[in-house]
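Student: Pasting structure29.cif here (mmCIF, C-alpha atoms):
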data_final
#
loop_
_atom_site.group_PDB
_atom_site.id
_atom_site.type_symbol
_atom_site.label_atom_id
_atom_site.label_comp_id
_atom_site.auth_asym_id
_atom_site.auth_seq_id
_atom_site.Cartn_x
_atom_site.Cartn_y
_atom_site.Cartn_z
ATOM 1 C CA MET A 1 37.058 -14.001 16.341
ATOM 2 C CA LYS A 2 34.164 -12.922 18.498
ATOM 3 C CA ALA A 3 31.713 -15.668 19.342
ATOM 4 C CA THR A 4 28.279 -15.183 17.856
ATOM 5 C CA GLU A 5 25.092 -15.648 19.844
ATOM 6 C CA GLN A 6 24.488 -18.870 17.894
ATOM 7 C CA THR A 7 27.947 -20.190 18.888
ATOM 8 C CA GLN A 8 27.252 -19.471 22.543
ATOM 9 C CA GLN A 9 23.863 -21.189 22.299
ATOM 10 C CA GLN A 10 25.387 -24.273 20.663
ATOM 11 C CA ILE A 11 28.047 -24.555 23.387
ATOM 12 C CA THR A 12 25.503 -23.980 26.156
ATOM 13 C CA ARG A 13 23.274 -26.693 24.664
ATOM 14 C CA ALA A 14 26.225 -29.116 24.618
ATOM 15 C CA LEU A 15 26.971 -28.303 28.265
ATOM 16 C CA ARG A 16 23.341 -29.022 29.165
ATOM 17 C CA LYS A 17 23.589 -32.380 27.388
ATOM 18 C CA ILE A 18 26.644 -33.178 29.530
ATOM 19 C CA ALA A 19 24.636 -32.264 32.626
ATOM 20 C CA ASP A 20 21.792 -34.506 31.482
ATOM 21 C CA LYS A 21 24.213 -37.473 31.531
ATOM 22 C CA PHE A 22 25.152 -36.723 35.161
ATOM 23 C CA PRO A 23 21.929 -35.565 36.864
ATOM 24 C CA PRO A 24 22.122 -34.802 40.588
ATOM 25 C CA THR A 25 21.786 -38.036 42.558
ATOM 26 C CA GLU A 26 22.837 -39.346 45.935
ATOM 27 C CA GLU A 27 25.567 -41.469 44.396
ATOM 28 C CA ALA A 28 28.199 -39.516 42.492
ATOM 29 C CA SER A 29 30.289 -40.886 39.654
ATOM 30 C CA GLN A 30 34.016 -41.488 40.216
ATOM 31 C CA MET A 31 34.926 -39.510 37.099
ATOM 32 C CA THR A 32 37.538 -36.781 37.553
ATOM 33 C CA ASP A 33 37.398 -34.751 34.328
ATOM 34 C CA ILE A 34 35.189 -33.887 31.416
ATOM 35 C CA HIS A 35 37.351 -33.716 28.316
ATOM 36 C CA ILE A 36 36.123 -31.284 25.679
ATOM 37 C CA ARG A 37 37.683 -31.598 22.233
ATOM 38 C CA VAL A 38 37.225 -29.101 19.456
ATOM 39 C CA THR A 39 38.203 -29.579 15.839
ATOM 40 C CA GLN A 40 39.076 -26.570 13.741
ATOM 41 C CA GLU A 41 38.339 -28.166 10.388
ATOM 42 C CA THR A 42 34.906 -29.616 11.154
ATOM 43 C CA GLY A 43 33.781 -27.267 13.936
ATOM 44 C CA GLU A 44 32.940 -30.257 16.123
ATOM 45 C CA LEU A 45 32.797 -29.919 19.877
ATOM 46 C CA MET A 46 32.863 -33.301 21.602
ATOM 47 C CA ALA A 47 32.789 -34.198 25.276
ATOM 48 C CA PHE A 48 34.296 -37.371 26.720
ATOM 49 C CA ASP A 49 34.590 -38.982 30.135
ATOM 50 C CA ASP A 50 37.853 -40.250 31.677
ATOM 51 C CA ASP A 51 37.548 -43.557 29.816
ATOM 52 C CA ASP A 52 37.265 -41.744 26.467
ATOM 53 C CA ASN A 53 33.562 -42.600 26.136
ATOM 54 C CA GLU A 54 31.704 -39.943 24.187
ATOM 55 C CA ILE A 55 29.178 -38.001 26.244
ATOM 56 C CA THR A 56 27.921 -35.648 23.545
ATOM 57 C CA ARG A 57 28.905 -33.827 20.369
ATOM 58 C CA CYS A 58 27.729 -30.886 18.342
ATOM 59 C CA VAL A 59 28.931 -28.768 15.445
ATOM 60 C CA VAL A 60 29.715 -25.115 16.084
ATOM 61 C CA GLU A 61 29.108 -23.602 12.674
ATOM 62 C CA GLN A 62 31.305 -20.562 13.313
ATOM 63 C CA TRP A 63 34.292 -22.881 13.878
ATOM 64 C CA ILE A 64 33.990 -24.859 10.628
ATOM 65 C CA ASP A 65 37.188 -24.442 8.546
ATOM 66 C CA ASN A 66 38.526 -21.865 10.972
ATOM 67 C CA LYS A 67 42.159 -21.179 10.066
ATOM 68 C CA ASP A 68 42.987 -18.713 12.873
ATOM 69 C CA ASP A 69 46.302 -19.358 14.608
ATOM 70 C CA ASP A 70 44.734 -18.382 17.915
ATOM 71 C CA PHE A 71 41.655 -20.581 17.432
ATOM 72 C CA PHE A 72 42.167 -22.495 20.690
ATOM 73 C CA ASP A 73 42.607 -19.257 22.662
ATOM 74 C CA HIS A 74 39.259 -17.981 21.376
ATOM 75 C CA ALA A 75 37.586 -21.358 21.867
ATOM 76 C CA THR A 76 38.920 -21.478 25.433
ATOM 77 C CA GLN A 77 37.520 -18.040 26.257
ATOM 78 C CA THR A 78 34.155 -18.780 24.665
ATOM 79 C CA ILE A 79 33.664 -22.174 26.315
ATOM 80 C CA ARG A 80 34.861 -20.850 29.679
ATOM 81 C CA LYS A 81 32.338 -17.984 29.522
ATOM 82 C CA CYS A 82 29.539 -20.412 28.693
ATOM 83 C CA ILE A 83 30.493 -22.650 31.612
ATOM 84 C CA GLU A 84 30.672 -19.684 33.966
ATOM 85 C CA ARG A 85 27.227 -18.487 32.852
ATOM 86 C CA GLY A 86 25.861 -21.980 33.531
ATOM 87 C CA LYS A 87 27.860 -22.313 36.733
ATOM 88 C CA LYS A 88 24.989 -23.940 38.662
ATOM 89 C CA VAL A 89 24.637 -26.624 36.012
ATOM 90 C CA ALA A 90 28.414 -27.214 35.793
ATOM 91 C CA GLU A 91 28.733 -27.487 39.562
ATOM 92 C CA GLY A 92 25.648 -29.668 40.024
ATOM 93 C CA LEU A 93 26.852 -32.715 38.112
ATOM 94 C CA ALA A 94 26.740 -36.032 39.957
ATOM 95 C CA ILE A 95 30.510 -36.392 39.851
ATOM 96 C CA LEU A 96 32.739 -36.623 42.927
ATOM 97 C CA LYS A 97 34.503 -33.325 43.562
ATOM 98 C CA PRO A 98 36.995 -32.124 42.540
ATOM 99 C CA TYR A 99 36.446 -32.489 38.804
ATOM 100 C CA SER A 100 37.304 -30.222 35.929
ATOM 101 C CA PHE A 101 36.431 -29.337 32.377
ATOM 102 C CA VAL A 102 39.537 -29.645 30.197
ATOM 103 C CA LEU A 103 39.895 -28.442 26.616
ATOM 104 C CA GLU A 104 41.872 -30.782 24.385
ATOM 105 C CA ASP A 105 43.057 -30.685 20.792
ATOM 106 C CA ASP A 106 42.502 -33.400 18.154
ATOM 107 C CA ASP A 107 45.468 -35.380 19.534
ATOM 108 C CA LYS A 108 43.872 -35.519 23.000
ATOM 109 C CA GLU A 109 46.534 -33.132 24.328
ATOM 110 C CA PRO A 110 45.330 -30.683 26.992
ATOM 111 C CA VAL A 111 45.101 -27.123 25.728
ATOM 112 C CA ALA A 112 43.526 -25.421 28.755
ATOM 113 C CA GLU A 113 41.795 -26.117 32.015
ATOM 114 C CA LEU A 114 38.449 -24.461 31.498
ATOM 115 C CA TYR A 115 36.804 -24.810 34.886
ATOM 116 C CA VAL A 116 37.441 -26.628 38.151
ATOM 117 C CA VAL A 117 34.567 -27.698 40.359
ATOM 118 C CA ASP A 118 35.672 -28.009 43.948
ATOM 119 C CA ASP A 119 34.453 -26.545 47.182
ATOM 120 C CA ASP A 120 37.910 -25.132 47.967
ATOM 121 C CA THR A 121 39.440 -24.305 44.573
ATOM 122 C CA VAL A 122 38.693 -21.550 42.092
ATOM 123 C CA ILE A 123 40.485 -20.988 38.794
ATOM 124 C CA ILE A 124 40.746 -17.333 37.909
ATOM 125 C CA ASP A 125 40.612 -16.243 34.289
ATOM 126 C CA PRO A 126 44.211 -15.691 33.092
ATOM 127 C CA GLU A 127 43.276 -12.300 31.602
ATOM 128 C CA LEU A 128 42.428 -11.115 35.087
ATOM 129 C CA MET A 129 45.859 -12.166 36.325
ATOM 130 C CA ALA A 130 47.868 -10.491 33.523
ATOM 131 C CA GLY A 131 50.729 -8.401 34.935
ATOM 132 C CA LEU A 132 50.325 -9.702 38.483
ATOM 133 C CA ASP A 133 53.953 -10.919 38.713
ATOM 134 C CA GLU A 134 55.257 -7.499 37.725
ATOM 135 C CA ASP A 135 52.953 -5.743 40.194
ATOM 136 C CA LEU A 136 54.079 -8.038 43.007
ATOM 137 C CA ASP A 137 57.751 -7.522 42.110
ATOM 138 C CA ASN A 138 57.286 -3.746 42.198
ATOM 139 C CA PHE A 139 55.474 -3.989 45.513
ATOM 140 C CA ILE A 140 58.271 -6.060 47.072
ATOM 141 C CA THR A 141 60.934 -3.709 45.667
ATOM 142 C CA ASN A 142 59.169 -0.663 47.104
ATOM 143 C CA LEU A 143 58.614 -2.428 50.403
ATOM 144 C CA MET A 144 62.307 -3.316 50.679
ATOM 145 C CA LYS A 145 63.330 0.328 50.042
ATOM 146 C CA ASP A 146 61.515 1.449 53.159
#
Re-express the file's structure as structure tokens.
Tutor:
Amino acid sequence: MKATEQTQQQITRALRKIADKFPPTEEASQMTDIHIRVTQETGELMAFDDDDNEITRCVVEQWIDNKDDDFFDHATQTIRKCIERGKKVAEGLAILKPYSFVLEDDDKEPVAELYVVDDDTVIIDPELMAGLDEDLDNFITNLMKD
């Protein structure tokens, strides 16, 4: 499932609404995570604070009644790309660092860590890291031969 332009716009709009709730100020909130929940059946994307208070919600039409087994994988990639494109907005929230955007399922169980905002920490897209263990093992093996 490739995200449509409309899907990306709906997610980006929801991210801007989150940012509107935490505009840059001198005094940052003590919150540690922004919990994003998506529902396959209804297509809803909802954002919550640490105390489970709703920040915003929207309906992503492309996700309504989506029956794909890998729905959360696609949703993770799409939301992560939208956050990365709006990196300045995501990193400018008036929340004490470090904080993160976490994708959750309907049962409030974490599915993926989408983005971490911290001056010292960067989360690299898992696709970029595919095969790294094998490459490092081969490197060590070749190094030990010499």
Student: How far is it from CA of Tyr99 in chain A to CA of Gln30 in chain A, in Å with one decimal?
Tutor: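 Straight-line distance from CA of Tyr99 in chain A to CA of Gln30 in chain A works out to 9.4 Å.
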Student: At a cut-off of 12 Å, using only C-alpha atoms, what residues contact Asp106 in chain A? Leave out same-chain residues fewer than 2 positions from it and give the result as a ChimeraX atom specification.
Tutor: /A:35-46,72,103-104,108-111
Student: Lys21 in chain A: which residues within 10 Å, counting only C-alpha atoms, same-chain residues fewer than 6 positions away excluded, as an mmCIF file with C-alpha atoms, in the coordinates of the input?
Tutor:
data_model
loop_
_atom_site.group_PDB
_atom_site.id
_atom_site.type_symbol
_atom_site.label_atom_id
_atom_site.label_comp_id
_atom_site.auth_asym_id
_atom_site.auth_seq_id
_atom_site.Cartn_x
_atom_site.Cartn_y
_atom_site.Cartn_z
ATOM 1 C CA ILE A 55 29.178 -38.001 26.244
ATOM 2 C CA THR A 56 27.921 -35.648 23.545
ATOM 3 C CA LEU A 93 26.852 -32.715 38.112
ATOM 4 C CA ALA A 94 26.740 -36.032 39.957
#
Student: Please determine, counting only C-alpha atoms, which residue among A:Lys2, A:Lys88, A:Phe22, A:Arg13 has the shortest atom-to-atom distance to Phe71 in chain A.
Tutor: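 Ranked by minimum distance to Phe71 in chain A, first place goes to A:Lys2.
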Student: My list of candidates is A:Thr32, A:Thr12, A:Thr7, A:Asn66. Which is closest to Cys82 in chain A when distances are computed with only C-alpha atoms?
Tutor: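 Comparing A:Thr32, A:Thr12, A:Thr7, A:Asn66 against Cys82 in chain A, the winner is A:Thr12.
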Student: Which neighbours of Tyr115 in chain A fall inside 10 Å, counting only C-alpha atoms, when residues of the same chain fewer than 3 positions from it are skipped, and could you give them as a PDB file with C-alpha atoms, in the frame of the given file?
Tutor:
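Output saved as part_26.pdb:
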ATOM      1  CA  ASP A  33      37.398 -34.751  34.328  1.00  0.00           C
ATOM      2  CA  ILE A  34      35.189 -33.887  31.416  1.00  0.00           C
ATOM      3  CA  ILE A  79      33.664 -22.174  26.315  1.00  0.00           C
ATOM      4  CA  ARG A  80      34.861 -20.850  29.679  1.00  0.00           C
ATOM      5  CA  LYS A  81      32.338 -17.984  29.522  1.00  0.00           C
ATOM      6  CA  ILE A  83      30.493 -22.650  31.612  1.00  0.00           C
ATOM      7  CA  GLU A  84      30.672 -19.684  33.966  1.00  0.00           C
ATOM      8  CA  LYS A  87      27.860 -22.313  36.733  1.00  0.00           C
ATOM      9  CA  ALA A  90      28.414 -27.214  35.793  1.00  0.00           C
ATOM     10  CA  GLU A  91      28.733 -27.487  39.562  1.00  0.00           C
ATOM     11  CA  TYR A  99      36.446 -32.489  38.804  1.00  0.00           C
ATOM     12  CA  SER A 100      37.304 -30.222  35.929  1.00  0.00           C
ATOM     13  CA  PHE A 101      36.431 -29.337  32.377  1.00  0.00           C
ATOM     14  CA  VAL A 102      39.537 -29.645  30.197  1.00  0.00           C
ATOM     15  CA  LEU A 103      39.895 -28.442  26.616  1.00  0.00           C
ATOM     16  CA  ALA A 112      43.526 -25.421  28.755  1.00  0.00           C
ATOM     17  CA  ASP A 118      35.672 -28.009  43.948  1.00  0.00           C
ATOM     18  CA  VAL A 122      38.693 -21.550  42.092  1.00  0.00           C
ATOM     19  CA  ILE A 123      40.485 -20.988  38.794  1.00  0.00           C
ATOM     20  CA  ILE A 124      40.746 -17.333  37.909  1.00  0.00           C
ATOM     21  CA  ASP A 125      40.612 -16.243  34.289  1.00  0.00           C
TER      22      ASP A 125
END
